[in-house]
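Notes to accompany the following structure.
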Amino acid sequence: MFGRNHLLYAVLIAAPALANENPDPAAAERGRKTFIESCGFCHGNDATGNRGPDLIRSVLVNRDEGGNLIGPVIKNGRPEKEMPAFPALSSQQISDMVTFLHVRLIESIASNKVS
């Protein structure tokens, strides 16, 4: 469980990704389905990691604004980290996956609030 300092740190890091964020539930659901099909085998169906890293704790995901960081990684992969590219995914599919990841980040921060 996160302590107060960890929660504050998570909120500060996630601030860019969450600024003015009002995620579309339909996009998040489409993104969840695409994420599970394309990424779940490595990153887990909830993006908290499996063979691949936990994306909820990823600095890249936490600093992403509207897909500016996540989108290129999905499209081009990270060969140096053995992450495959997904060039066949449409811009809409990538955008939906970004929305899903942002929603997961919001949910994670909300679930760790200290009373």
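Scheme for the structure tokens: letters A, B, ... for chains in order shown; per-chain residue numbers from 1; ligand numbers from 1 in order shown.
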
Out of region 20-94 of chain A, which residues get helix (DSSP H, G or I) from DSSP, as an MDAnalysis selection string?
chainID A and resid 25:38 40:43 59:63 70:76 79:81 91:94

Just write the chosen residues, N, CA, C and O atoms, as a compact mmCIF listing (two decimals), in the first residue's frame.
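Listing of again_30.txt after writing:
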# COMPACT_ATOMS: atom_id res chain seq x y z
N PRO A 25 -15.93 7.06 -21.64
CA PRO A 25 -16.07 5.65 -21.23
C PRO A 25 -16.12 4.67 -22.41
O PRO A 25 -15.58 3.57 -22.32
N ALA A 26 -16.75 5.06 -23.51
CA ALA A 26 -16.82 4.17 -24.68
C ALA A 26 -15.43 3.96 -25.27
O ALA A 26 -15.07 2.84 -25.65
N ALA A 27 -14.65 5.03 -25.34
CA ALA A 27 -13.29 4.91 -25.87
C ALA A 27 -12.43 4.04 -24.94
O ALA A 27 -11.64 3.22 -25.41
N ALA A 28 -12.61 4.23 -23.63
CA ALA A 28 -11.85 3.43 -22.67
C ALA A 28 -12.19 1.94 -22.81
O ALA A 28 -11.30 1.09 -22.74
N GLU A 29 -13.45 1.63 -23.02
CA GLU A 29 -13.86 0.22 -23.18
C GLU A 29 -13.30 -0.36 -24.48
O GLU A 29 -12.80 -1.50 -24.50
N ARG A 30 -13.38 0.40 -25.56
CA ARG A 30 -12.77 -0.07 -26.83
C ARG A 30 -11.27 -0.27 -26.64
O ARG A 30 -10.70 -1.27 -27.09
N GLY A 31 -10.65 0.69 -25.96
CA GLY A 31 -9.21 0.61 -25.71
C GLY A 31 -8.84 -0.57 -24.84
O GLY A 31 -7.82 -1.23 -25.05
N ARG A 32 -9.69 -0.88 -23.85
CA ARG A 32 -9.45 -2.04 -22.98
C ARG A 32 -9.43 -3.32 -23.81
O ARG A 32 -8.53 -4.15 -23.68
N LYS A 33 -10.40 -3.45 -24.71
CA LYS A 33 -10.48 -4.66 -25.55
C LYS A 33 -9.26 -4.77 -26.46
O LYS A 33 -8.67 -5.85 -26.60
N THR A 34 -8.88 -3.66 -27.09
CA THR A 34 -7.71 -3.68 -27.97
C THR A 34 -6.44 -3.94 -27.18
O THR A 34 -5.57 -4.69 -27.61
N PHE A 35 -6.34 -3.33 -25.99
CA PHE A 35 -5.18 -3.53 -25.13
C PHE A 35 -5.05 -5.00 -24.75
O PHE A 35 -3.96 -5.57 -24.86
N ILE A 36 -6.14 -5.62 -24.33
CA ILE A 36 -6.09 -7.03 -23.94
C ILE A 36 -5.63 -7.89 -25.12
O ILE A 36 -4.76 -8.75 -24.96
N GLU A 37 -6.17 -7.64 -26.30
CA GLU A 37 -5.81 -8.42 -27.49
C GLU A 37 -4.36 -8.21 -27.90
O GLU A 37 -3.69 -9.15 -28.32
N SER A 38 -3.88 -6.97 -27.82
CA SER A 38 -2.56 -6.63 -28.35
C SER A 38 -1.45 -6.61 -27.30
O SER A 38 -0.30 -6.90 -27.63
N GLY A 40 -2.08 -7.36 -23.55
CA GLY A 40 -2.35 -8.04 -22.29
C GLY A 40 -1.43 -9.22 -22.02
O GLY A 40 -1.11 -9.50 -20.86
N PHE A 41 -0.98 -9.92 -23.06
CA PHE A 41 -0.12 -11.07 -22.86
C PHE A 41 1.19 -10.71 -22.19
O PHE A 41 1.79 -11.53 -21.51
N CYS A 42 1.64 -9.47 -22.34
CA CYS A 42 2.87 -9.03 -21.67
C CYS A 42 2.61 -8.12 -20.48
O CYS A 42 3.25 -8.24 -19.44
N HIS A 43 1.70 -7.18 -20.65
CA HIS A 43 1.48 -6.16 -19.63
C HIS A 43 0.32 -6.48 -18.70
O HIS A 43 -0.01 -5.67 -17.82
N VAL A 59 6.77 5.74 -16.04
CA VAL A 59 6.96 7.19 -16.16
C VAL A 59 6.39 7.67 -17.50
O VAL A 59 5.74 8.72 -17.56
N LEU A 60 6.60 6.90 -18.55
CA LEU A 60 6.09 7.29 -19.87
C LEU A 60 4.57 7.43 -19.85
O LEU A 60 4.04 8.44 -20.31
N VAL A 61 3.87 6.47 -19.28
CA VAL A 61 2.41 6.54 -19.20
C VAL A 61 1.98 7.69 -18.30
O VAL A 61 1.06 8.43 -18.62
N ASN A 62 2.67 7.87 -17.19
CA ASN A 62 2.32 8.92 -16.25
C ASN A 62 2.55 10.32 -16.80
O ASN A 62 1.89 11.26 -16.38
N ARG A 63 3.45 10.46 -17.73
CA ARG A 63 3.74 11.78 -18.30
C ARG A 63 3.08 12.01 -19.65
O ARG A 63 3.18 13.09 -20.21
N ILE A 70 2.73 7.68 -25.44
CA ILE A 70 2.30 6.29 -25.57
C ILE A 70 2.11 5.89 -27.03
O ILE A 70 2.52 4.80 -27.45
N GLY A 71 1.48 6.75 -27.80
CA GLY A 71 1.16 6.44 -29.19
C GLY A 71 2.34 5.96 -30.02
O GLY A 71 2.28 4.89 -30.64
N PRO A 72 3.44 6.74 -30.04
CA PRO A 72 4.59 6.29 -30.83
C PRO A 72 5.19 4.97 -30.35
O PRO A 72 5.66 4.18 -31.17
N VAL A 73 5.14 4.71 -29.05
CA VAL A 73 5.68 3.45 -28.54
C VAL A 73 4.81 2.28 -29.01
O VAL A 73 5.34 1.24 -29.41
N ILE A 74 3.50 2.45 -28.97
CA ILE A 74 2.62 1.38 -29.46
C ILE A 74 2.86 1.14 -30.94
O ILE A 74 3.02 0.01 -31.39
N LYS A 75 2.88 2.19 -31.71
CA LYS A 75 3.02 2.09 -33.16
C LYS A 75 4.38 1.51 -33.57
O LYS A 75 4.46 0.64 -34.43
N ASN A 76 5.46 1.99 -32.93
CA ASN A 76 6.82 1.64 -33.35
C ASN A 76 7.49 0.57 -32.50
O ASN A 76 8.54 0.06 -32.88
N PRO A 79 12.20 -1.99 -29.66
CA PRO A 79 13.02 -3.17 -29.93
C PRO A 79 14.09 -3.42 -28.87
O PRO A 79 14.37 -4.57 -28.54
N GLU A 80 14.66 -2.34 -28.32
CA GLU A 80 15.71 -2.48 -27.31
C GLU A 80 15.18 -3.11 -26.02
O GLU A 80 15.95 -3.63 -25.22
N LYS A 81 13.86 -3.08 -25.84
CA LYS A 81 13.23 -3.68 -24.66
C LYS A 81 12.36 -4.89 -25.05
O LYS A 81 11.53 -5.34 -24.26
N SER A 91 -5.04 4.77 -35.85
CA SER A 91 -4.89 5.90 -34.93
C SER A 91 -5.99 5.88 -33.88
O SER A 91 -5.75 6.19 -32.70
N GLN A 92 -7.21 5.51 -34.28
CA GLN A 92 -8.32 5.44 -33.34
C GLN A 92 -8.10 4.36 -32.29
O GLN A 92 -8.36 4.56 -31.11
N GLN A 93 -7.61 3.20 -32.72
CA GLN A 93 -7.35 2.12 -31.78
C GLN A 93 -6.28 2.53 -30.76
O GLN A 93 -6.40 2.25 -29.57
N ILE A 94 -5.25 3.20 -31.24
CA ILE A 94 -4.18 3.66 -30.35
C ILE A 94 -4.73 4.72 -29.39
O ILE A 94 -4.48 4.67 -28.19

Close residues, Val103 (chain A) itself excluded, 10 Å, only C-alpha atoms, min 5 positions apart in chain, as an mmCIF file with all heavy atoms, in the first residue's frame:
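Now in part05.cif:
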data_model
loop_
_atom_site.group_PDB
_atom_site.id
_atom_site.type_symbol
_atom_site.label_atom_id
_atom_site.label_comp_id
_atom_site.auth_asym_id
_atom_site.auth_seq_id
_atom_site.Cartn_x
_atom_site.Cartn_y
_atom_site.Cartn_z
ATOM 1 N N LEU A 18 -3.243 13.684 -16.403
ATOM 2 C CA LEU A 18 -4.581 13.817 -15.865
ATOM 3 C C LEU A 18 -5.135 15.232 -15.979
ATOM 4 O O LEU A 18 -6.300 15.453 -15.669
ATOM 5 C CB LEU A 18 -4.602 13.377 -14.396
ATOM 6 C CG LEU A 18 -4.099 11.953 -14.153
ATOM 7 C CD1 LEU A 18 -4.098 11.649 -12.669
ATOM 8 C CD2 LEU A 18 -4.928 10.951 -14.903
ATOM 9 N N GLU A 21 -8.395 15.974 -17.901
ATOM 10 C CA GLU A 21 -8.760 14.666 -18.433
ATOM 11 C C GLU A 21 -10.217 14.357 -18.082
ATOM 12 O O GLU A 21 -10.604 14.379 -16.929
ATOM 13 C CB GLU A 21 -7.845 13.592 -17.835
ATOM 14 C CG GLU A 21 -8.101 12.221 -18.364
ATOM 15 C CD GLU A 21 -7.155 11.825 -19.456
ATOM 16 O OE1 GLU A 21 -6.096 12.421 -19.563
ATOM 17 O OE2 GLU A 21 -7.498 10.919 -20.226
ATOM 18 N N ASN A 22 -10.994 14.107 -19.086
ATOM 19 C CA ASN A 22 -12.372 13.675 -18.916
ATOM 20 C C ASN A 22 -12.569 12.529 -19.894
ATOM 21 O O ASN A 22 -13.119 12.709 -20.971
ATOM 22 C CB ASN A 22 -13.335 14.836 -19.187
ATOM 23 C CG ASN A 22 -14.742 14.504 -18.798
ATOM 24 O OD1 ASN A 22 -14.993 13.510 -18.128
ATOM 25 N ND2 ASN A 22 -15.680 15.324 -19.226
ATOM 26 N N PRO A 23 -12.084 11.336 -19.521
ATOM 27 C CA PRO A 23 -12.059 10.227 -20.475
ATOM 28 C C PRO A 23 -13.445 9.765 -20.907
ATOM 29 O O PRO A 23 -14.373 9.719 -20.114
ATOM 30 C CB PRO A 23 -11.328 9.121 -19.722
ATOM 31 C CG PRO A 23 -11.379 9.490 -18.295
ATOM 32 C CD PRO A 23 -11.564 10.970 -18.215
ATOM 33 N N ASP A 24 -13.551 9.441 -22.170
ATOM 34 C CA ASP A 24 -14.780 8.910 -22.757
ATOM 35 C C ASP A 24 -14.890 7.428 -22.385
ATOM 36 O O ASP A 24 -14.019 6.631 -22.762
ATOM 37 C CB ASP A 24 -14.706 9.090 -24.271
ATOM 38 C CG ASP A 24 -15.842 8.428 -25.025
ATOM 39 O OD1 ASP A 24 -16.856 8.058 -24.395
ATOM 40 O OD2 ASP A 24 -15.717 8.288 -26.259
ATOM 41 N N PRO A 25 -15.935 7.057 -21.639
ATOM 42 C CA PRO A 25 -16.073 5.645 -21.231
ATOM 43 C C PRO A 25 -16.118 4.669 -22.405
ATOM 44 O O PRO A 25 -15.583 3.571 -22.319
ATOM 45 C CB PRO A 25 -17.388 5.621 -20.449
ATOM 46 C CG PRO A 25 -17.645 7.030 -20.056
ATOM 47 C CD PRO A 25 -17.001 7.886 -21.106
ATOM 48 N N ALA A 28 -12.614 4.228 -23.631
ATOM 49 C CA ALA A 28 -11.851 3.426 -22.671
ATOM 50 C C ALA A 28 -12.189 1.945 -22.809
ATOM 51 O O ALA A 28 -11.297 1.087 -22.741
ATOM 52 C CB ALA A 28 -12.118 3.914 -21.252
ATOM 53 N N GLU A 29 -13.450 1.626 -23.024
ATOM 54 C CA GLU A 29 -13.856 0.225 -23.185
ATOM 55 C C GLU A 29 -13.301 -0.364 -24.483
ATOM 56 O O GLU A 29 -12.802 -1.496 -24.499
ATOM 57 C CB GLU A 29 -15.377 0.092 -23.129
ATOM 58 C CG GLU A 29 -15.885 -1.327 -23.303
ATOM 59 C CD GLU A 29 -15.351 -2.332 -22.290
ATOM 60 O OE1 GLU A 29 -14.885 -1.941 -21.196
ATOM 61 O OE2 GLU A 29 -15.380 -3.545 -22.592
ATOM 62 N N ARG A 32 -9.686 -0.883 -23.848
ATOM 63 C CA ARG A 32 -9.454 -2.037 -22.983
ATOM 64 C C ARG A 32 -9.434 -3.316 -23.815
ATOM 65 O O ARG A 32 -8.532 -4.146 -23.681
ATOM 66 C CB ARG A 32 -10.540 -2.134 -21.906
ATOM 67 C CG ARG A 32 -10.337 -3.286 -20.926
ATOM 68 C CD ARG A 32 -11.519 -3.454 -19.986
ATOM 69 N NE ARG A 32 -12.699 -3.961 -20.682
ATOM 70 C CZ ARG A 32 -12.893 -5.226 -21.030
ATOM 71 N NH1 ARG A 32 -11.973 -6.137 -20.760
ATOM 72 N NH2 ARG A 32 -13.986 -5.610 -21.669
ATOM 73 N N ILE A 56 1.048 1.098 -15.265
ATOM 74 C CA ILE A 56 0.460 2.091 -14.378
ATOM 75 C C ILE A 56 1.564 2.838 -13.626
ATOM 76 O O ILE A 56 1.436 4.005 -13.309
ATOM 77 C CB ILE A 56 -0.531 1.433 -13.384
ATOM 78 C CG1 ILE A 56 -1.601 0.639 -14.135
ATOM 79 C CG2 ILE A 56 -1.172 2.462 -12.466
ATOM 80 C CD1 ILE A 56 -2.329 1.404 -15.217
ATOM 81 N N MET A 97 -6.656 3.017 -26.737
ATOM 82 C CA MET A 97 -5.784 2.357 -25.768
ATOM 83 C C MET A 97 -5.165 3.378 -24.819
ATOM 84 O O MET A 97 -5.034 3.115 -23.618
ATOM 85 C CB MET A 97 -4.698 1.544 -26.478
ATOM 86 C CG MET A 97 -5.266 0.275 -27.064
ATOM 87 S SD MET A 97 -4.141 -0.927 -27.827
ATOM 88 C CE MET A 97 -2.534 -0.427 -27.536
ATOM 89 N N VAL A 98 -4.813 4.542 -25.331
ATOM 90 C CA VAL A 98 -4.298 5.619 -24.484
ATOM 91 C C VAL A 98 -5.355 6.008 -23.449
ATOM 92 O O VAL A 98 -5.058 6.156 -22.261
ATOM 93 C CB VAL A 98 -3.874 6.838 -25.333
ATOM 94 C CG1 VAL A 98 -3.640 8.055 -24.462
ATOM 95 C CG2 VAL A 98 -2.642 6.507 -26.168
ATOM 96 N N SER A 108 -6.129 3.813 -10.377
ATOM 97 C CA SER A 108 -5.057 3.421 -9.469
ATOM 98 C C SER A 108 -4.810 4.502 -8.427
ATOM 99 O O SER A 108 -4.679 4.215 -7.237
ATOM 100 C CB SER A 108 -3.786 3.135 -10.266
ATOM 101 O OG SER A 108 -2.733 2.818 -9.401
ATOM 102 N N ILE A 109 -4.754 5.729 -8.858
ATOM 103 C CA ILE A 109 -4.525 6.833 -7.921
ATOM 104 C C ILE A 109 -5.709 6.954 -6.958
ATOM 105 O O ILE A 109 -5.512 7.093 -5.749
ATOM 106 C CB ILE A 109 -4.277 8.151 -8.683
ATOM 107 C CG1 ILE A 109 -2.911 8.076 -9.370
ATOM 108 C CG2 ILE A 109 -4.347 9.345 -7.738
ATOM 109 C CD1 ILE A 109 -2.643 9.209 -10.322
#

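Shortest separation to Asp64 (chain A) among A:Ala85, A:Leu105, A:Cys39, A:Ala47 occurs at residue A:Leu105, atoms counted being only C-alpha atoms.
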
Select, from A:Gly49, A:Arg57, A:Ala88, A:Gly66, the residue with the minimum atom-to-atom distance to Phe100 (chain A), counting only C-alpha atoms.
A:Gly66

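Atom pair CA of Thr99 (chain A) / CA of Arg51 (chain A): separated by 22.4 Å.
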
Provide the CA of Ser90 (chain A) to CA of Gly77 (chain A) distance in Å, to one decimal place.
14.5 Å

If I take CA of Gly52 (chain A) and CA of Ser95 (chain A), how far is one from the other in Å, to one decimal?
20.8 Å
